[in-house]
Structure formats: C-alpha cells, structure tokens
file start.pdb (PDB, C-alpha atoms, pLDDT in the B column)
MODEL        1
ATOM      1  CA  SER A   1      70.620  56.584 124.226  1.00 51.00           C
ATOM      2  CA  ALA A   2      71.793  58.801 121.354  1.00 51.00           C
ATOM      3  CA  SER A   3      71.153  55.999 118.777  1.00 53.00           C
ATOM      4  CA  ALA A   4      67.722  55.294 120.259  1.00 50.00           C
ATOM      5  CA  SER A   5      66.711  58.924 119.996  1.00 55.00           C
ATOM      6  CA  ALA A   6      68.007  59.030 116.374  1.00 52.00           C
ATOM      7  CA  SER A   7      65.929  55.962 115.477  1.00 54.00           C
ATOM      8  CA  ALA A   8      62.837  57.457 117.072  1.00 52.00           C
ATOM      9  CA  SER A   9      63.455  60.673 115.208  1.00 58.00           C
ATOM     10  CA  ALA A  10      63.753  58.758 111.848  1.00 54.00           C
ATOM     11  CA  SER A  11      60.525  56.884 112.505  1.00 52.00           C
ATOM     12  CA  ALA A  12      58.716  60.063 113.343  1.00 53.00           C
ATOM     13  CA  SER A  13      60.075  61.666 110.195  1.00 58.00           C
ATOM     14  CA  ALA A  14      58.910  58.726 108.030  1.00 52.00           C
ATOM     15  CA  ALA A  15      55.492  58.810 109.636  1.00 50.00           C
ATOM     16  CA  ALA A  16      55.232  62.531 109.025  1.00 55.00           C
ATOM     17  CA  SER A  17      56.318  62.060 105.414  1.00 59.00           C
ATOM     18  CA  SER A  18      53.750  59.287 104.927  1.00 54.00           C
ATOM     19  CA  ALA A  19      51.039  61.387 106.499  1.00 53.00           C
ATOM     20  CA  SER A  20      52.001  64.238 104.209  1.00 62.00           C
ATOM     21  CA  ARG A  21      51.811  61.969 101.129  1.00 59.00           C
ATOM     22  CA  LEU A  22      48.426  60.644 102.209  1.00 56.00           C
ATOM     23  CA  SER A  23      47.217  64.165 102.635  1.00 61.00           C
ATOM     24  CA  GLN A  24      48.416  64.944  99.128  1.00 61.00           C
ATOM     25  CA  LEU A  25      46.623  61.795  97.821  1.00 57.00           C
ATOM     26  CA  ARG A  26      43.356  62.948  99.374  1.00 55.00           C
ATOM     27  CA  GLU A  27      43.767  66.397  97.854  1.00 58.00           C
ATOM     28  CA  LYS A  28      44.480  64.901  94.388  1.00 52.00           C
ATOM     29  CA  SER A  29      41.539  62.565  94.773  1.00 48.00           C
ATOM     30  CA  SER A  30      39.272  65.596  95.091  1.00 46.00           C
ATOM     31  CA  LEU A  31      40.851  67.355  92.129  1.00 45.00           C
ATOM     32  CA  GLY A  32      41.676  64.351  89.985  1.00 54.00           C
ATOM     33  CA  ALA A  33      42.576  60.766  90.830  1.00 62.00           C
ATOM     34  CA  PRO A  34      46.310  60.003  91.120  1.00 66.00           C
ATOM     35  CA  SER A  35      47.896  57.793  88.501  1.00 69.00           C
ATOM     36  CA  THR A  36      48.820  54.179  89.074  1.00 71.00           C
ATOM     37  CA  ASP A  37      52.510  55.009  89.298  1.00 74.00           C
ATOM     38  CA  GLU A  38      51.801  57.597  91.982  1.00 75.00           C
ATOM     39  CA  MET A  39      49.714  55.094  93.939  1.00 73.00           C
ATOM     40  CA  VAL A  40      52.584  52.587  93.814  1.00 76.00           C
ATOM     41  CA  ALA A  41      55.039  55.254  94.961  1.00 77.00           C
ATOM     42  CA  TYR A  42      52.794  56.250  97.866  1.00 75.00           C
ATOM     43  CA  ALA A  43      52.485  52.590  98.863  1.00 74.00           C
ATOM     44  CA  HIS A  44      56.271  52.163  98.981  1.00 78.00           C
ATOM     45  CA  GLU A  45      56.651  55.302 101.084  1.00 76.00           C
ATOM     46  CA  ALA A  46      53.971  54.046 103.464  1.00 75.00           C
ATOM     47  CA  HIS A  47      55.840  50.711 103.727  1.00 77.00           C
ATOM     48  CA  THR A  48      52.887  48.641 102.484  1.00 78.00           C
ATOM     49  CA  THR A  49      51.930  46.773  99.349  1.00 80.00           C
ATOM     50  CA  PRO A  50      50.281  48.619  96.451  1.00 75.00           C
ATOM     51  CA  THR A  51      47.240  46.368  96.726  1.00 76.00           C
ATOM     52  CA  HIS A  52      46.793  47.014 100.428  1.00 75.00           C
ATOM     53  CA  PHE A  53      47.305  50.730  99.914  1.00 73.00           C
ATOM     54  CA  ALA A  54      44.787  50.809  97.052  1.00 72.00           C
ATOM     55  CA  LEU A  55      42.194  48.974  99.121  1.00 73.00           C
ATOM     56  CA  LYS A  56      42.538  51.541 101.919  1.00 73.00           C
ATOM     57  CA  HIS A  57      42.506  54.481  99.531  1.00 69.00           C
ATOM     58  CA  PRO A  58      40.189  53.652  96.597  1.00 70.00           C
ATOM     59  CA  THR A  59      39.920  56.048  93.689  1.00 67.00           C
ATOM     60  CA  GLU A  60      37.787  56.231  90.565  1.00 65.00           C
ATOM     61  CA  ARG A  61      40.753  54.969  88.539  1.00 64.00           C
ATOM     62  CA  ILE A  62      40.552  51.626  90.277  1.00 63.00           C
ATOM     63  CA  SER A  63      37.565  49.368  89.496  1.00 61.00           C
ATOM     64  CA  TYR A  64      36.656  46.476  91.758  1.00 57.00           C
ATOM     65  CA  ASP A  65      34.945  43.252  90.647  1.00 57.00           C
ATOM     66  CA  GLU A  66      32.453  42.540  93.406  1.00 59.00           C
ATOM     67  CA  SER A  67      30.895  39.576  91.606  1.00 54.00           C
ATOM     68  CA  GLY A  68      33.426  37.074  92.906  1.00 56.00           C
ATOM     69  CA  GLY A  69      34.867  36.528  89.444  1.00 53.00           C
ATOM     70  CA  HIS A  70      31.558  35.560  87.813  1.00 51.00           C
ATOM     71  CA  LYS A  71      31.708  38.474  85.390  1.00 54.00           C
ATOM     72  CA  LYS A  72      34.976  37.224  83.984  1.00 53.00           C
ATOM     73  CA  LEU A  73      33.654  33.674  83.805  1.00 51.00           C
ATOM     74  CA  ALA A  74      30.618  34.849  81.890  1.00 53.00           C
ATOM     75  CA  GLY A  75      32.835  36.154  79.101  1.00 55.00           C
ATOM     76  CA  ASP A  76      32.202  38.871  76.630  1.00 59.00           C
ATOM     77  CA  PRO A  77      28.520  38.765  75.559  1.00 62.00           C
ATOM     78  CA  SER A  78      29.495  39.936  72.095  1.00 62.00           C
ATOM     79  CA  LYS A  79      31.617  36.800  71.642  1.00 65.00           C
ATOM     80  CA  ARG A  80      29.093  34.248  72.899  1.00 66.00           C
ATOM     81  CA  ALA A  81      27.559  33.662  69.476  1.00 69.00           C
ATOM     82  CA  PHE A  82      30.982  32.959  68.014  1.00 67.00           C
ATOM     83  CA  THR A  83      31.792  30.594  70.883  1.00 73.00           C
ATOM     84  CA  TYR A  84      28.535  28.691  70.419  1.00 70.00           C
ATOM     85  CA  LEU A  85      29.185  28.512  66.674  1.00 74.00           C
ATOM     86  CA  VAL A  86      32.658  27.050  67.218  1.00 75.00           C
ATOM     87  CA  LEU A  87      31.401  24.505  69.754  1.00 75.00           C
ATOM     88  CA  THR A  88      28.458  23.460  67.576  1.00 80.00           C
ATOM     89  CA  GLY A  89      30.651  23.192  64.502  1.00 76.00           C
ATOM     90  CA  GLY A  90      33.178  21.093  66.387  1.00 79.00           C
ATOM     91  CA  ARG A  91      30.479  18.708  67.557  1.00 81.00           C
ATOM     92  CA  PHE A  92      29.088  18.410  64.039  1.00 77.00           C
ATOM     93  CA  ILE A  93      32.523  17.609  62.605  1.00 85.00           C
ATOM     94  CA  TYR A  94      33.117  15.051  65.352  1.00 79.00           C
ATOM     95  CA  ALA A  95      29.739  13.374  64.699  1.00 84.00           C
ATOM     96  CA  ALA A  96      30.346  13.331  60.937  1.00 83.00           C
ATOM     97  CA  GLY A  97      33.794  11.783  61.419  1.00 84.00           C
ATOM     98  CA  LEU A  98      32.392   9.135  63.758  1.00 85.00           C
ATOM     99  CA  ARG A  99      29.630   8.302  61.269  1.00 85.00           C
ATOM    100  CA  LEU A 100      32.200   7.932  58.490  1.00 84.00           C
ATOM    101  CA  LEU A 101      34.271   5.542  60.589  1.00 85.00           C
ATOM    102  CA  VAL A 102      31.209   3.422  61.396  1.00 84.00           C
ATOM    103  CA  LEU A 103      30.215   3.254  57.722  1.00 81.00           C
ATOM    104  CA  LYS A 104      33.732   2.257  56.675  1.00 79.00           C
ATOM    105  CA  PHE A 105      33.741  -0.470  59.331  1.00 77.00           C
ATOM    106  CA  ILE A 106      30.358  -1.819  58.184  1.00 76.00           C
ATOM    107  CA  LEU A 107      31.386  -1.753  54.521  1.00 69.00           C
ATOM    108  CA  SER A 108      34.611  -3.567  55.336  1.00 69.00           C
ATOM    109  CA  MET A 109      32.567  -6.401  56.842  1.00 68.00           C
ATOM    110  CA  GLN A 110      30.360  -6.826  53.771  1.00 64.00           C
ATOM    111  CA  ALA A 111      31.160  -9.615  51.398  1.00 57.00           C
ATOM    112  CA  SER A 112      33.018  -8.765  48.201  1.00 59.00           C
ATOM    113  CA  LYS A 113      31.565  -9.425  44.750  1.00 59.00           C
ATOM    114  CA  ASP A 114      33.670 -12.568  44.427  1.00 59.00           C
ATOM    115  CA  VAL A 115      32.333 -13.934  47.691  1.00 56.00           C
ATOM    116  CA  LEU A 116      28.762 -13.078  46.727  1.00 53.00           C
ATOM    117  CA  ALA A 117      29.238 -14.847  43.413  1.00 55.00           C
ATOM    118  CA  LEU A 118      30.330 -18.005  45.232  1.00 63.00           C
ATOM    119  CA  ALA A 119      27.358 -17.727  47.588  1.00 77.00           C
ATOM    120  CA  SER A 120      24.911 -18.369  44.733  1.00 85.00           C
ATOM    121  CA  LEU A 121      24.861 -20.866  41.880  1.00 87.00           C
ATOM    122  CA  GLU A 122      23.019 -20.624  38.565  1.00 89.00           C
ATOM    123  CA  VAL A 123      22.150 -23.963  36.978  1.00 88.00           C
ATOM    124  CA  GLU A 124      20.974 -24.581  33.425  1.00 90.00           C
ATOM    125  CA  LEU A 125      18.470 -27.436  33.504  1.00 91.00           C
ATOM    126  CA  ASP A 126      18.219 -28.144  29.783  1.00 90.00           C
ATOM    127  CA  ASN A 127      21.077 -30.640  29.841  1.00 89.00           C
ATOM    128  CA  ILE A 128      19.715 -32.748  32.711  1.00 92.00           C
ATOM    129  CA  ALA A 129      17.884 -35.718  31.218  1.00 92.00           C
ATOM    130  CA  GLU A 130      14.631 -36.926  32.719  1.00 94.00           C
ATOM    131  CA  GLY A 131      15.237 -39.560  35.393  1.00 92.00           C
ATOM    132  CA  SER A 132      18.890 -38.552  35.965  1.00 93.00           C
ATOM    133  CA  THR A 133      20.641 -36.791  38.825  1.00 93.00           C
ATOM    134  CA  VAL A 134      23.554 -34.346  38.602  1.00 93.00           C
ATOM    135  CA  THR A 135      25.816 -33.218  41.424  1.00 92.00           C
ATOM    136  CA  MET A 136      26.924 -29.576  41.662  1.00 88.00           C
ATOM    137  CA  LYS A 137      29.171 -27.854  44.191  1.00 91.00           C
ATOM    138  CA  TRP A 138      27.750 -24.927  46.172  1.00 89.00           C
ATOM    139  CA  ARG A 139      29.398 -23.279  49.177  1.00 86.00           C
ATOM    140  CA  GLY A 140      31.754 -26.230  49.452  1.00 86.00           C
ATOM    141  CA  LYS A 141      28.933 -28.769  49.623  1.00 90.00           C
ATOM    142  CA  PRO A 142      27.538 -31.190  47.026  1.00 93.00           C
ATOM    143  CA  VAL A 143      24.079 -30.347  45.708  1.00 94.00           C
ATOM    144  CA  PHE A 144      21.873 -32.983  44.036  1.00 94.00           C
ATOM    145  CA  ILE A 145      19.556 -31.860  41.237  1.00 94.00           C
ATOM    146  CA  LYS A 146      17.220 -34.625  40.104  1.00 95.00           C
ATOM    147  CA  HIS A 147      14.954 -34.486  37.050  1.00 95.00           C
ATOM    148  CA  ARG A 148      12.160 -36.745  38.241  1.00 95.00           C
ATOM    149  CA  THR A 149       9.933 -38.845  36.019  1.00 95.00           C
ATOM    150  CA  GLU A 150       6.158 -38.960  36.322  1.00 95.00           C
ATOM    151  CA  ASP A 151       6.419 -42.315  38.083  1.00 95.00           C
ATOM    152  CA  GLU A 152       8.931 -40.946  40.594  1.00 95.00           C
ATOM    153  CA  ILE A 153       6.699 -37.932  41.288  1.00 95.00           C
ATOM    154  CA  ALA A 154       3.724 -40.229  41.846  1.00 95.00           C
ATOM    155  CA  MET A 155       5.810 -42.455  44.123  1.00 94.00           C
ATOM    156  CA  ALA A 156       6.943 -39.473  46.238  1.00 94.00           C
ATOM    157  CA  GLU A 157       3.437 -38.037  46.519  1.00 94.00           C
ATOM    158  CA  GLY A 158       1.899 -41.396  47.405  1.00 93.00           C
ATOM    159  CA  VAL A 159       3.863 -41.881  50.647  1.00 94.00           C
ATOM    160  CA  ASN A 160       1.928 -41.900  53.934  1.00 94.00           C
ATOM    161  CA  VAL A 161       3.525 -38.944  55.736  1.00 94.00           C
ATOM    162  CA  GLY A 162       2.414 -40.253  59.122  1.00 93.00           C
ATOM    163  CA  GLU A 163       4.812 -43.181  58.771  1.00 93.00           C
ATOM    164  CA  LEU A 164       7.864 -40.966  58.181  1.00 95.00           C
ATOM    165  CA  ARG A 165      10.520 -40.222  60.784  1.00 95.00           C
ATOM    166  CA  ASP A 166      10.888 -36.597  59.617  1.00 95.00           C
ATOM    167  CA  GLN A 167       7.372 -35.884  58.408  1.00 95.00           C
ATOM    168  CA  GLN A 168       7.226 -33.723  55.264  1.00 95.00           C
ATOM    169  CA  THR A 169       5.053 -33.972  52.185  1.00 96.00           C
ATOM    170  CA  ASP A 170       6.684 -33.995  48.779  1.00 95.00           C
ATOM    171  CA  ALA A 171       4.979 -30.674  47.968  1.00 95.00           C
ATOM    172  CA  GLU A 172       6.757 -29.032  50.914  1.00 95.00           C
ATOM    173  CA  ARG A 173      10.121 -30.008  49.440  1.00 95.00           C
ATOM    174  CA  VAL A 174       9.796 -28.924  45.815  1.00 95.00           C
ATOM    175  CA  ILE A 175       8.787 -25.855  43.805  1.00 94.00           C
ATOM    176  CA  GLU A 176       8.319 -27.672  40.503  1.00 93.00           C
ATOM    177  CA  PRO A 177       7.437 -31.361  41.030  1.00 94.00           C
ATOM    178  CA  LYS A 178       9.781 -32.614  38.313  1.00 94.00           C
ATOM    179  CA  TRP A 179      12.830 -30.856  39.819  1.00 94.00           C
ATOM    180  CA  LEU A 180      14.181 -31.940  43.195  1.00 95.00           C
ATOM    181  CA  VAL A 181      17.073 -29.941  44.702  1.00 95.00           C
ATOM    182  CA  LEU A 182      18.892 -31.306  47.761  1.00 94.00           C
ATOM    183  CA  ILE A 183      22.102 -30.752  49.705  1.00 94.00           C
ATOM    184  CA  GLY A 184      23.982 -34.017  49.251  1.00 94.00           C
ATOM    185  CA  VAL A 185      25.073 -34.530  52.862  1.00 95.00           C
ATOM    186  CA  CYS A 186      23.718 -37.351  54.979  1.00 95.00           C
ATOM    187  CA  THR A 187      22.037 -36.029  58.111  1.00 95.00           C
ATOM    188  CA  HIS A 188      23.606 -38.770  60.197  1.00 93.00           C
ATOM    189  CA  LEU A 189      27.346 -38.058  60.124  1.00 91.00           C
ATOM    190  CA  GLY A 190      27.818 -35.941  57.016  1.00 91.00           C
ATOM    191  CA  CYS A 191      28.719 -38.525  54.379  1.00 92.00           C
ATOM    192  CA  VAL A 192      27.712 -38.086  50.725  1.00 94.00           C
ATOM    193  CA  PRO A 193      24.923 -40.535  49.762  1.00 95.00           C
ATOM    194  CA  LEU A 194      24.852 -42.374  46.438  1.00 94.00           C
ATOM    195  CA  ALA A 195      22.157 -41.331  43.965  1.00 93.00           C
ATOM    196  CA  ASP A 196      19.626 -43.728  42.441  1.00 92.00           C
ATOM    197  CA  ALA A 197      20.357 -46.318  45.104  1.00 92.00           C
ATOM    198  CA  GLY A 198      18.875 -47.817  48.257  1.00 92.00           C
ATOM    199  CA  ASP A 199      15.597 -49.552  49.065  1.00 94.00           C
ATOM    200  CA  PHE A 200      13.449 -46.584  48.041  1.00 94.00           C
ATOM    201  CA  ALA A 201      14.970 -45.683  44.664  1.00 91.00           C
ATOM    202  CA  GLY A 202      16.384 -42.433  45.970  1.00 94.00           C
ATOM    203  CA  TRP A 203      19.728 -42.188  47.797  1.00 94.00           C
ATOM    204  CA  PHE A 204      21.744 -44.569  49.919  1.00 95.00           C
ATOM    205  CA  CYS A 205      24.500 -43.650  52.382  1.00 94.00           C
ATOM    206  CA  PRO A 206      26.948 -46.588  52.531  1.00 93.00           C
ATOM    207  CA  CYS A 207      28.679 -45.265  55.662  1.00 91.00           C
ATOM    208  CA  HIS A 208      25.962 -46.404  58.086  1.00 92.00           C
ATOM    209  CA  GLY A 209      23.125 -47.585  55.852  1.00 94.00           C
ATOM    210  CA  SER A 210      20.693 -44.679  55.650  1.00 95.00           C
ATOM    211  CA  HIS A 211      18.069 -44.935  52.863  1.00 96.00           C
ATOM    212  CA  TYR A 212      16.299 -41.884  51.368  1.00 96.00           C
ATOM    213  CA  ASP A 213      13.365 -41.908  48.933  1.00 96.00           C
ATOM    214  CA  VAL A 214      12.892 -39.966  45.657  1.00 95.00           C
ATOM    215  CA  SER A 215      11.912 -36.910  47.702  1.00 95.00           C
ATOM    216  CA  GLY A 216      15.093 -37.096  49.789  1.00 96.00           C
ATOM    217  CA  ARG A 217      13.206 -38.177  52.924  1.00 96.00           C
ATOM    218  CA  ILE A 218      14.777 -40.588  55.404  1.00 96.00           C
ATOM    219  CA  ARG A 219      13.029 -43.942  55.247  1.00 96.00           C
ATOM    220  CA  LYS A 220      15.448 -46.371  56.838  1.00 95.00           C
ATOM    221  CA  GLY A 221      18.728 -46.306  58.798  1.00 95.00           C
ATOM    222  CA  PRO A 222      20.219 -44.082  61.521  1.00 95.00           C
ATOM    223  CA  ALA A 223      19.861 -40.666  59.857  1.00 95.00           C
ATOM    224  CA  PRO A 224      17.460 -38.536  61.956  1.00 95.00           C
ATOM    225  CA  TYR A 225      16.325 -36.034  59.314  1.00 96.00           C
ATOM    226  CA  ASN A 226      15.516 -35.723  55.635  1.00 96.00           C
ATOM    227  CA  LEU A 227      18.159 -34.424  53.223  1.00 95.00           C
ATOM    228  CA  GLU A 228      18.189 -30.636  53.441  1.00 95.00           C
ATOM    229  CA  VAL A 229      16.548 -28.558  50.718  1.00 95.00           C
ATOM    230  CA  PRO A 230      18.605 -25.402  50.050  1.00 93.00           C
ATOM    231  CA  GLU A 231      17.104 -22.023  49.291  1.00 92.00           C
ATOM    232  CA  TYR A 232      16.558 -21.730  45.561  1.00 92.00           C
ATOM    233  CA  LYS A 233      14.275 -20.187  42.943  1.00 93.00           C
ATOM    234  CA  PHE A 234      13.600 -20.444  39.229  1.00 92.00           C
ATOM    235  CA  LEU A 235      14.976 -17.566  37.154  1.00 91.00           C
ATOM    236  CA  GLU A 236      13.425 -19.033  34.011  1.00 88.00           C
ATOM    237  CA  GLU A 237      11.569 -22.217  33.186  1.00 86.00           C
ATOM    238  CA  ASN A 238      14.831 -24.138  32.746  1.00 88.00           C
ATOM    239  CA  LYS A 239      17.210 -22.100  34.903  1.00 91.00           C
ATOM    240  CA  LEU A 240      17.363 -21.988  38.671  1.00 90.00           C
ATOM    241  CA  LEU A 241      19.411 -20.035  41.193  1.00 92.00           C
ATOM    242  CA  ILE A 242      20.618 -21.735  44.353  1.00 91.00           C
ATOM    243  CA  GLY A 243      21.324 -19.413  47.268  1.00 84.00           C
TER     244      GLY A 243
ENDMDL
END
call {"tool": "encode", "arguments": {"input": "start.pdb", "output": "structure tokens"}}
result
Amino acid sequence: SASASASASASASAAASSASRLSQLREKSSLGAPSTDEMVAYAHEAHTTPTHFALKHPTERISYDESGGHKKLAGDPSKRAFTYLVLTGGRFIYAAGLRLLVLKFILSMQASKDVLALASLEVELDNIAEGSTVTMKWRGKPVFIKHRTEDEIAMAEGVNVGELRDQQTDAERVIEPKWLVLIGVCTHLGCVPLADAGDFAGWFCPCHGSHYDVSGRIRKGPAPYNLEVPEYKFLEENKLLIG
C-alpha cells in the first residue's frame, strides 16, 4: 500500500508540474510566443510528442499549411519563369538532336557520287557509223545504240501497229528517229539478242527464237513485249545521257 501511495503521489506531482508548465506557456503566449526549444521541452514534460503538443497549443511562431500541400506543389512563383525556360530549352535541344539524327540517317541512305556516276552513262555518237549498232554497259545490262538509215526509219514507221503483239509506234520509242536506244535483254527469259539479225532486220534471240524489228518491237517468237527503251536524253546533238 505504501508503494501504491508513492506512485499516486508521483503521478499527481507530474500532473501538477505539467499543469504549471502549461500555465506558463499560456502566459508566455500572451506576452511573447515561446521558442521551439521551449515547446519541445514542454511536450516532453507533458509526456506527449512535440507535434501533438503544438497542435493543442498553437502559437504565432508555428505556421500551418491548410492547403493540403498544394502551396508547396505550386512552387515559388518567382522561379516559374526559370522553370519554364529550362523545360522549353530542354525540349528544343531534344527536338534539334532528333532532327539531326534523322538527317544523318537520310543522308547515309543516299547514293554516293561513285554510285550516281554508275547510274548514268554518257555516250558520244560521232563514232557510231550509220547503219551500225554498238553495245554499251549500263547498270550491269547491255544497251544497244543503233544509228538507223533512212530506209530503216521508213521500214519502222511503215509497220501496221494493229498487227503487233506489243503495240507501239516507232515515234513512241525514239527521240531522234535516226537514233534507237534499247536495253539489250530479251523480254522472254532475259537472253541477249543478236543485232542486225532475224526475219525483220533488227534483233534475233537464238535462245528461243524471238525476232525484233528495227524499232526493237517483238514480231515473232515467244517474247511477250518489245525490247525496253531506257530513260535517256540528248545533251548535245551528238551526245546522249542514259539514266
């Protein structure tokens, strides 16, 4: 019973001491708010946490954010312009870098000067005698260039187009009537026809017997189409560019 009365006496003493401290806090609050260290000390004496004690005994030294944290999320208004500047600048740098990468990729896919040179072929026509045919190589394929005579031009123009398998006039296949330019690959199975041969004085493919006339049009045999005319143009009167 003696220990129980001593414990009760200690509790009463602590409660009295706490009440006294709280009374002092209220008095200081009216004269001047207590410091943070004093608030922490009072909280320990009252056997509670400083936060709980401060919530029960607010003072002007303690400010409370009643916005739910939105004020802090909003940031300092004076720094918003700088933040926007940094974000905008970062996006600009990112876009510029991406554009540079795309350009480098596109440029890497473009053909080099050497490749472009092989893609076209300049031909001097002065050395090709009238009535003869020369064979050039372009993009890995043979190209026939024929200097046609007046009789050959008349023969090509006099054909009844309605009787042809692949119907084309001679005018559709030439730029200058005396110059005929053809890709020398048979349209049947890809053989190379022989010039100045066959039943129509043009080309003959000995592989399967296809005959082409002096305009390169299929006239007889299994080939389904005329000999192809490549893209070409005249740079000068006696110089042409293939490709």
call {"tool": "residues_around", "arguments": {"input": "start.pdb", "residues": "segment 190-199 of chain A", "least_positions_apart": "3", "cutoff": "10 Å", "atoms": "all atoms listed in the file", "output": "count of residues only"}}
result
32
call {"tool": "resolve_selection", "arguments": {"input": "start.pdb", "expression": "the PyMOL selection byres ((chain A and resi 152) around 12)", "output": "JSON, numbers by chain"}}
result
{"A": [130, 131, 132, 146, 147, 148, 149, 150, 151, 153, 154, 155, 156, 157, 158, 159, 170, 177, 178, 179, 180, 196, 200, 201, 202, 213, 214, 215, 216]}
call {"tool": "atom_distance", "arguments": {"input": "start.pdb", "atom1": "atom CA of Ile242 of chain A", "atom2": "atom CA of Asn226 of chain A"}}
result
18.7 Å
call {"tool": "atom_distance", "arguments": {"input": "start.pdb", "atom1": "atom CA of Leu182 of chain A", "atom2": "atom CA of Val229 of chain A"}}
result
4.7 Å
call {"tool": "residues_around", "arguments": {"input": "start.pdb", "residues": "Phe53 of chain A", "least_positions_apart": "4", "cutoff": "10 Å", "atoms": "all atoms listed in the file", "output": "count of residues only"}}
result
11
call {"tool": "atom_distance", "arguments": {"input": "start.pdb", "atom1": "atom CA of Phe234 of chain A", "atom2": "atom CA of Ile175 of chain A"}}
result
8.6 Å
call {"tool": "resolve_selection", "arguments": {"input": "start.pdb", "expression": "the PyMOL selection byres ((chain A and resi 124) around 9)", "output": "list in words"}}
result
Glu122, Val123, Leu125, Asp126, Asn127, Ile128, Asn238, Lys239 and Leu240 of chain A
call {"tool": "closest_residue", "arguments": {"input": "start.pdb", "among": "A:Thr36, A:His188, A:Val174, A:Leu103", "to": "Gly221 of chain A", "atoms": "all atoms listed in the file"}}
result
A:His188
call {"tool": "closest_residue", "arguments": {"input": "start.pdb", "among": "A:Glu163, A:Glu228, A:Glu237, A:Gly243", "to": "Glu176 of chain A", "atoms": "all atoms listed in the file"}}
result
A:Glu237
call {"tool": "closest_residue", "arguments": {"input": "start.pdb", "among": "A:Arg99, A:Arg173, A:Arg139, A:Arg165", "to": "Ala119 of chain A", "atoms": "only C-alpha atoms"}}
result
A:Arg139
call {"tool": "closest_residue", "arguments": {"input": "start.pdb", "among": "A:Val161, A:Ile106, A:Ala129, A:Leu85", "to": "Ile218 of chain A", "atoms": "all atoms listed in the file"}}
result
A:Val161
